[in-house]
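Just below is one structure, and these are the notes that go with it.
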Amino acid sequence: MKKVSFFVSAFLISTLSFAQTAEDIINNYVKAIGGKEAISKLKDITMNLTGEVQGASLEVVVQKKSPGKFLQAISVVGMGEVQKQVYDGTKVRASGMQGSEDITDPEKVKAVAMQAYIAPEAEYTSLGAKLNYVGKEKINNADAHKIEVTIGAVKMTEYYDATTGLKVRQSLTAETPMGSQTIITDFSDYKDVSGVKMPYKLNQDLGMAQLELKVDKITVNTNLADSLFEIK
(Lines give C-alpha, C1' and ligand atoms only; values in the text may rest on other atoms or scores of the structure.)
Protein backbone atom coordinates (compact mmCIF):
# COMPACT_ATOMS: atom_id res chain seq x y z
CA MET A 1 0.00 0.00 0.00
CA LYS A 2 2.83 2.40 0.83
CA LYS A 3 4.43 1.71 -2.54
CA VAL A 4 1.13 2.43 -4.30
CA SER A 5 0.66 5.66 -2.36
CA PHE A 6 4.20 6.72 -3.20
CA PHE A 7 3.64 5.98 -6.90
CA VAL A 8 0.38 7.98 -6.97
CA SER A 9 2.02 10.93 -5.18
CA ALA A 10 5.00 10.85 -7.53
CA PHE A 11 2.68 10.71 -10.55
CA LEU A 12 0.69 13.73 -9.33
CA ILE A 13 3.84 15.75 -8.69
CA SER A 14 5.15 14.86 -12.16
CA THR A 15 1.83 15.81 -13.76
CA LEU A 16 1.67 19.11 -11.92
CA SER A 17 5.23 19.99 -12.84
CA PHE A 18 4.32 19.76 -16.53
CA ALA A 19 1.01 21.66 -16.22
CA GLN A 20 0.77 24.61 -18.61
CA THR A 21 -0.02 28.11 -17.47
CA ALA A 22 -1.02 31.07 -19.61
CA GLU A 23 2.24 32.76 -18.61
CA ASP A 24 4.17 29.72 -19.88
CA ILE A 25 2.40 29.96 -23.24
CA ILE A 26 3.23 33.65 -23.65
CA ASN A 27 6.85 33.16 -22.56
CA ASN A 28 7.22 30.28 -25.02
CA TYR A 29 5.80 32.45 -27.79
CA VAL A 30 8.24 35.28 -27.07
CA LYS A 31 11.11 32.77 -27.19
CA ALA A 32 9.73 31.17 -30.37
CA ILE A 33 9.73 34.45 -32.28
CA GLY A 34 13.27 35.33 -31.22
CA GLY A 35 13.28 36.45 -27.59
CA LYS A 36 13.04 39.79 -25.80
CA GLU A 37 16.59 40.82 -26.65
CA ALA A 38 15.98 40.49 -30.39
CA ILE A 39 12.64 42.28 -30.09
CA SER A 40 14.24 45.16 -28.17
CA LYS A 41 16.62 45.80 -31.06
CA LEU A 42 13.72 46.73 -33.35
CA LYS A 43 13.19 50.45 -32.82
CA ASP A 44 10.71 50.98 -35.64
CA ILE A 45 8.91 48.91 -38.24
CA THR A 46 6.98 49.47 -41.47
CA MET A 47 4.72 46.74 -42.86
CA ASN A 48 3.20 46.88 -46.34
CA LEU A 49 0.31 44.48 -46.89
CA THR A 50 -2.09 43.80 -49.74
CA GLY A 51 -5.37 41.96 -49.69
CA GLU A 52 -8.86 41.56 -51.02
CA VAL A 53 -12.29 41.84 -49.44
CA GLN A 54 -15.59 41.47 -51.30
CA GLY A 55 -13.83 41.92 -54.63
CA ALA A 56 -12.02 45.13 -53.62
CA SER A 57 -8.21 45.24 -53.55
CA LEU A 58 -6.70 46.78 -50.43
CA GLU A 59 -3.33 48.22 -49.53
CA VAL A 60 -2.45 48.48 -45.85
CA VAL A 61 0.49 50.27 -44.26
CA VAL A 62 1.31 49.71 -40.58
CA GLN A 63 4.08 51.72 -38.92
CA LYS A 64 5.30 51.55 -35.34
CA LYS A 65 8.03 53.41 -33.53
CA SER A 66 9.28 52.94 -29.98
CA PRO A 67 8.29 54.17 -27.54
CA GLY A 68 4.56 54.08 -28.24
CA LYS A 69 3.82 55.45 -31.70
CA PHE A 70 1.46 53.76 -34.16
CA LEU A 71 -0.05 54.40 -37.59
CA GLN A 72 -2.32 52.26 -39.75
CA ALA A 73 -3.59 53.42 -43.13
CA ILE A 74 -5.95 51.44 -45.37
CA SER A 75 -6.44 52.29 -49.04
CA VAL A 76 -8.78 50.79 -51.62
CA VAL A 77 -7.27 50.56 -55.07
CA GLY A 78 -9.02 53.10 -57.27
CA MET A 79 -10.46 55.03 -54.31
CA GLY A 80 -7.44 56.05 -52.27
CA GLU A 81 -7.17 56.14 -48.48
CA VAL A 82 -10.41 55.16 -46.76
CA GLN A 83 -9.30 54.72 -43.16
CA LYS A 84 -6.42 55.89 -40.99
CA GLN A 85 -5.61 55.58 -37.31
CA VAL A 86 -2.76 57.39 -35.58
CA TYR A 87 -1.47 57.19 -32.00
CA ASP A 88 1.17 59.74 -31.01
CA GLY A 89 1.96 58.24 -27.63
CA THR A 90 -0.87 60.09 -25.88
CA LYS A 91 -3.79 60.68 -28.23
CA VAL A 92 -5.58 58.70 -30.94
CA ARG A 93 -7.12 60.10 -34.10
CA ALA A 94 -9.25 58.01 -36.43
CA SER A 95 -10.14 59.32 -39.87
CA GLY A 96 -12.06 58.00 -42.82
CA MET A 97 -14.39 58.91 -45.63
CA GLN A 98 -16.83 60.48 -43.14
CA GLY A 99 -14.20 62.74 -41.57
CA SER A 100 -11.97 62.39 -38.52
CA GLU A 101 -12.41 62.22 -34.78
CA ASP A 102 -10.18 62.19 -31.74
CA ILE A 103 -10.67 59.15 -29.54
CA THR A 104 -10.54 60.18 -25.90
CA ASP A 105 -12.09 57.24 -24.05
CA PRO A 106 -9.17 55.91 -21.94
CA GLU A 107 -9.96 52.25 -22.59
CA LYS A 108 -10.20 52.77 -26.36
CA VAL A 109 -6.95 54.72 -26.33
CA LYS A 110 -5.33 51.88 -24.40
CA ALA A 111 -6.54 49.36 -26.99
CA VAL A 112 -4.85 51.30 -29.78
CA ALA A 113 -1.74 51.99 -27.68
CA MET A 114 -1.27 48.24 -27.24
CA GLN A 115 -0.80 47.93 -31.00
CA ALA A 116 2.12 50.36 -30.87
CA TYR A 117 4.37 47.63 -29.46
CA ILE A 118 6.26 45.70 -32.09
CA ALA A 119 5.49 42.50 -30.15
CA PRO A 120 2.63 43.32 -27.73
CA GLU A 121 2.73 39.82 -26.20
CA ALA A 122 6.19 40.53 -24.80
CA GLU A 123 4.66 43.47 -22.91
CA TYR A 124 1.62 41.73 -21.43
CA THR A 125 3.11 41.83 -17.93
CA SER A 126 3.92 45.56 -18.06
CA LEU A 127 0.47 46.23 -19.52
CA GLY A 128 -1.13 44.51 -16.53
CA ALA A 129 -2.72 41.79 -18.64
CA LYS A 130 -4.81 39.15 -16.89
CA LEU A 131 -4.12 35.75 -18.43
CA ASN A 132 -6.20 32.60 -18.12
CA TYR A 133 -5.27 29.22 -19.57
CA VAL A 134 -8.35 27.46 -20.95
CA GLY A 135 -6.93 24.27 -22.45
CA LYS A 136 -6.16 22.76 -25.84
CA GLU A 137 -8.18 23.12 -29.02
CA LYS A 138 -7.71 22.07 -32.64
CA ILE A 139 -6.85 24.94 -34.98
CA ASN A 140 -6.37 23.93 -38.61
CA ASN A 141 -6.07 20.29 -37.51
CA ALA A 142 -3.23 21.00 -35.06
CA ASP A 143 -3.27 21.22 -31.27
CA ALA A 144 -3.17 24.76 -29.93
CA HIS A 145 -3.13 26.19 -26.42
CA LYS A 146 -6.11 28.48 -25.81
CA ILE A 147 -5.74 31.41 -23.43
CA GLU A 148 -7.91 34.37 -22.49
CA VAL A 149 -6.23 37.79 -22.32
CA THR A 150 -7.81 40.79 -20.62
CA ILE A 151 -6.16 44.21 -20.73
CA GLY A 152 -8.52 46.81 -19.32
CA ALA A 153 -11.67 46.66 -21.45
CA VAL A 154 -9.89 44.70 -24.18
CA LYS A 155 -10.72 41.00 -24.11
CA MET A 156 -9.07 38.54 -26.48
CA THR A 157 -8.91 34.79 -26.94
CA GLU A 158 -5.58 33.64 -28.33
CA TYR A 159 -4.35 30.32 -29.66
CA TYR A 160 -0.71 29.19 -29.73
CA ASP A 161 0.52 26.14 -31.64
CA ALA A 162 1.37 23.41 -29.12
CA THR A 163 4.45 22.36 -31.09
CA THR A 164 5.99 25.56 -32.42
CA GLY A 165 4.73 27.98 -29.75
CA LEU A 166 3.70 30.47 -32.45
CA LYS A 167 0.39 32.34 -32.33
CA VAL A 168 -2.01 30.90 -34.88
CA ARG A 169 -5.30 32.66 -34.06
CA GLN A 170 -6.72 35.62 -32.17
CA SER A 171 -10.38 36.39 -31.50
CA LEU A 172 -11.15 39.97 -30.48
CA THR A 173 -14.46 41.69 -29.84
CA ALA A 174 -14.32 45.39 -30.64
CA GLU A 175 -16.67 48.33 -31.01
CA THR A 176 -17.06 49.45 -34.63
CA PRO A 177 -19.32 51.99 -36.39
CA MET A 178 -21.70 49.06 -36.93
CA GLY A 179 -21.68 48.07 -33.26
CA SER A 180 -19.90 45.29 -31.39
CA GLN A 181 -18.05 42.99 -33.76
CA THR A 182 -15.93 39.87 -33.24
CA ILE A 183 -12.87 39.70 -35.47
CA ILE A 184 -11.05 36.39 -35.84
CA THR A 185 -7.53 36.56 -37.27
CA ASP A 186 -5.42 33.57 -38.30
CA PHE A 187 -1.64 34.00 -38.50
CA SER A 188 0.66 31.88 -40.67
CA ASP A 189 3.77 31.84 -42.88
CA TYR A 190 6.13 33.17 -40.20
CA LYS A 191 9.41 34.55 -41.55
CA ASP A 192 12.51 35.97 -39.88
CA VAL A 193 12.82 39.76 -39.84
CA SER A 194 16.08 40.91 -38.27
CA GLY A 195 16.00 38.09 -35.76
CA VAL A 196 12.28 38.23 -34.99
CA LYS A 197 9.71 35.92 -36.62
CA MET A 198 6.61 37.64 -37.97
CA PRO A 199 3.52 36.28 -39.77
CA TYR A 200 3.35 37.09 -43.47
CA LYS A 201 -0.22 35.87 -43.93
CA LEU A 202 -3.27 37.10 -42.01
CA ASN A 203 -6.76 35.79 -42.69
CA GLN A 204 -9.55 37.73 -40.98
CA ASP A 205 -13.13 36.64 -40.44
CA LEU A 206 -15.10 39.87 -40.09
CA GLY A 207 -18.44 38.13 -39.74
CA MET A 208 -20.02 39.46 -42.93
CA ALA A 209 -16.79 39.32 -44.94
CA GLN A 210 -13.50 37.49 -45.22
CA LEU A 211 -10.27 39.45 -45.55
CA GLU A 212 -7.02 37.88 -46.70
CA LEU A 213 -3.89 39.94 -46.17
CA LYS A 214 -0.38 39.14 -47.36
CA VAL A 215 2.73 40.98 -46.24
CA ASP A 216 4.64 42.25 -49.26
CA LYS A 217 7.48 43.91 -47.37
CA ILE A 218 8.69 44.60 -43.83
CA THR A 219 11.43 47.11 -43.10
CA VAL A 220 12.87 47.87 -39.67
CA ASN A 221 15.08 50.46 -38.01
CA THR A 222 14.71 53.09 -40.76
CA ASN A 223 14.48 55.92 -38.21
CA LEU A 224 10.87 56.82 -38.98
CA ALA A 225 10.19 60.53 -38.57
CA ASP A 226 8.14 61.55 -35.52
CA SER A 227 6.13 63.80 -37.83
CA LEU A 228 4.44 60.70 -39.27
CA PHE A 229 2.64 60.24 -35.96
CA GLU A 230 1.81 63.89 -35.21
CA ILE A 231 -1.76 64.78 -34.28
CA LYS A 232 -2.36 68.49 -34.68
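FYI, nothing fancy with the C-alpha coordinates labels: chains A, B, ... in order, residues from 1 per chain, ligands from 1 as they appear.
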Within 10 Å of A:Ala94, counting only C-alpha atoms, which residues qualify if same-chain residues fewer than 2 places away don't, as a PyMOL selection string?
-> chain A and resi 71-73+83-87+92+96+99-103
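Residues in contact with A:Asp192 at up to 10 Å, not including ones fewer than 5 positions away on its chain and judged by only C-alpha atoms, are A:Ile33, A:Gly34, A:Lys197, A:Met198, A:Pro199, A:Tyr200.
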List every residue of stretch 5-210 of chain A that DSSP, applied to the backbone of this structure, places in strand (DSSP E), and write the result as a PyMOL selection string.
-> chain A and resi 44-53+56-65+69-76+80-87+92-96+99-103+130-139+142-151+154-161+167-176+179-193+196-205+210
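The nearest approach to A:Met208 among the residues A:Thr163, A:Gln181, A:Gln63, A:Gln115, with only C-alpha atoms taken into account, belongs to A:Gln181.
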Name the residues of stretch 16-220 of chain A that fall into alpha helix (DSSP H) according to DSSP on the backbone, using the chain letters and numbers of this document, as an mmCIF file with N, CA and C atoms, in the first residue's frame.
```cif
data_model
loop_
_atom_site.group_PDB
_atom_site.id
_atom_site.type_symbol
_atom_site.label_atom_id
_atom_site.label_comp_id
_atom_site.auth_asym_id
_atom_site.auth_seq_id
_atom_site.Cartn_x
_atom_site.Cartn_y
_atom_site.Cartn_z
ATOM 1 N N LEU A 16 1.776 17.705 -12.255
ATOM 2 C CA LEU A 16 1.674 19.115 -11.921
ATOM 3 C C LEU A 16 2.863 19.904 -12.438
ATOM 4 N N SER A 17 4.032 19.281 -12.412
ATOM 5 C CA SER A 17 5.230 19.993 -12.842
ATOM 6 C C SER A 17 5.201 20.309 -14.340
ATOM 7 N N ALA A 22 -0.937 30.074 -18.549
ATOM 8 C CA ALA A 22 -1.015 31.071 -19.614
ATOM 9 C C ALA A 22 0.305 31.831 -19.738
ATOM 10 N N GLU A 23 0.949 32.071 -18.592
ATOM 11 C CA GLU A 23 2.239 32.762 -18.609
ATOM 12 C C GLU A 23 3.279 31.942 -19.362
ATOM 13 N N ASP A 24 3.254 30.603 -19.157
ATOM 14 C CA ASP A 24 4.172 29.721 -19.885
ATOM 15 C C ASP A 24 3.972 29.859 -21.395
ATOM 16 N N ILE A 25 2.717 29.889 -21.816
ATOM 17 C CA ILE A 25 2.399 29.957 -23.239
ATOM 18 C C ILE A 25 2.946 31.250 -23.849
ATOM 19 N N ILE A 26 2.738 32.357 -23.159
ATOM 20 C CA ILE A 26 3.227 33.648 -23.652
ATOM 21 C C ILE A 26 4.749 33.669 -23.681
ATOM 22 N N ASN A 27 5.378 33.187 -22.611
ATOM 23 C CA ASN A 27 6.849 33.161 -22.561
ATOM 24 C C ASN A 27 7.416 32.289 -23.678
ATOM 25 N N ASN A 28 6.769 31.161 -23.942
ATOM 26 C CA ASN A 28 7.222 30.277 -25.017
ATOM 27 C C ASN A 28 7.078 30.953 -26.377
ATOM 28 N N TYR A 29 6.000 31.731 -26.534
ATOM 29 C CA TYR A 29 5.800 32.448 -27.793
ATOM 30 C C TYR A 29 6.901 33.482 -28.012
ATOM 31 N N VAL A 30 7.195 34.248 -26.955
ATOM 32 C CA VAL A 30 8.241 35.277 -27.068
ATOM 33 C C VAL A 30 9.573 34.631 -27.447
ATOM 34 N N LYS A 31 9.874 33.488 -26.849
ATOM 35 C CA LYS A 31 11.106 32.768 -27.194
ATOM 36 C C LYS A 31 11.048 32.259 -28.630
ATOM 37 N N ALA A 32 9.884 31.759 -29.038
ATOM 38 C CA ALA A 32 9.732 31.173 -30.372
ATOM 39 C C ALA A 32 9.948 32.196 -31.485
ATOM 40 N N ILE A 33 9.566 33.456 -31.230
ATOM 41 C CA ILE A 33 9.726 34.455 -32.283
ATOM 42 C C ILE A 33 11.106 35.117 -32.254
ATOM 43 N N LYS A 36 13.184 38.365 -26.127
ATOM 44 C CA LYS A 36 13.039 39.789 -25.797
ATOM 45 C C LYS A 36 14.225 40.624 -26.275
ATOM 46 N N GLU A 37 15.423 40.054 -26.223
ATOM 47 C CA GLU A 37 16.594 40.823 -26.648
ATOM 48 C C GLU A 37 16.501 41.189 -28.124
ATOM 49 N N ALA A 38 16.122 40.219 -28.953
ATOM 50 C CA ALA A 38 15.983 40.488 -30.392
ATOM 51 C C ALA A 38 14.870 41.494 -30.656
ATOM 52 N N ILE A 39 13.767 41.355 -29.917
ATOM 53 C CA ILE A 39 12.639 42.284 -30.086
ATOM 54 C C ILE A 39 13.056 43.705 -29.724
ATOM 55 N N SER A 40 13.835 43.835 -28.646
ATOM 56 C CA SER A 40 14.237 45.163 -28.168
ATOM 57 C C SER A 40 15.130 45.907 -29.157
ATOM 58 N N PRO A 106 -10.436 56.509 -22.372
ATOM 59 C CA PRO A 106 -9.170 55.906 -21.936
ATOM 60 C C PRO A 106 -8.999 54.449 -22.344
ATOM 61 N N GLU A 107 -10.064 53.671 -22.260
ATOM 62 C CA GLU A 107 -9.959 52.245 -22.592
ATOM 63 C C GLU A 107 -9.744 52.049 -24.095
ATOM 64 N N LYS A 108 -10.396 52.877 -24.914
ATOM 65 C CA LYS A 108 -10.203 52.768 -26.361
ATOM 66 C C LYS A 108 -8.806 53.225 -26.759
ATOM 67 N N VAL A 109 -8.324 54.257 -26.082
ATOM 68 C CA VAL A 109 -6.951 54.717 -26.333
ATOM 69 C C VAL A 109 -5.961 53.613 -25.973
ATOM 70 N N LYS A 110 -6.216 52.949 -24.857
ATOM 71 C CA LYS A 110 -5.333 51.875 -24.403
ATOM 72 C C LYS A 110 -5.314 50.725 -25.400
ATOM 73 N N ALA A 111 -6.458 50.437 -26.010
ATOM 74 C CA ALA A 111 -6.545 49.357 -26.988
ATOM 75 C C ALA A 111 -5.690 49.657 -28.209
ATOM 76 N N VAL A 112 -5.678 50.917 -28.644
ATOM 77 C CA VAL A 112 -4.849 51.303 -29.784
ATOM 78 C C VAL A 112 -3.380 51.352 -29.372
ATOM 79 N N ALA A 113 -3.121 51.882 -28.172
ATOM 80 C CA ALA A 113 -1.745 51.992 -27.685
ATOM 81 C C ALA A 113 -1.064 50.631 -27.625
ATOM 82 N N MET A 114 -1.827 49.594 -27.319
ATOM 83 C CA MET A 114 -1.267 48.245 -27.241
ATOM 84 C C MET A 114 -0.677 47.825 -28.582
#
```
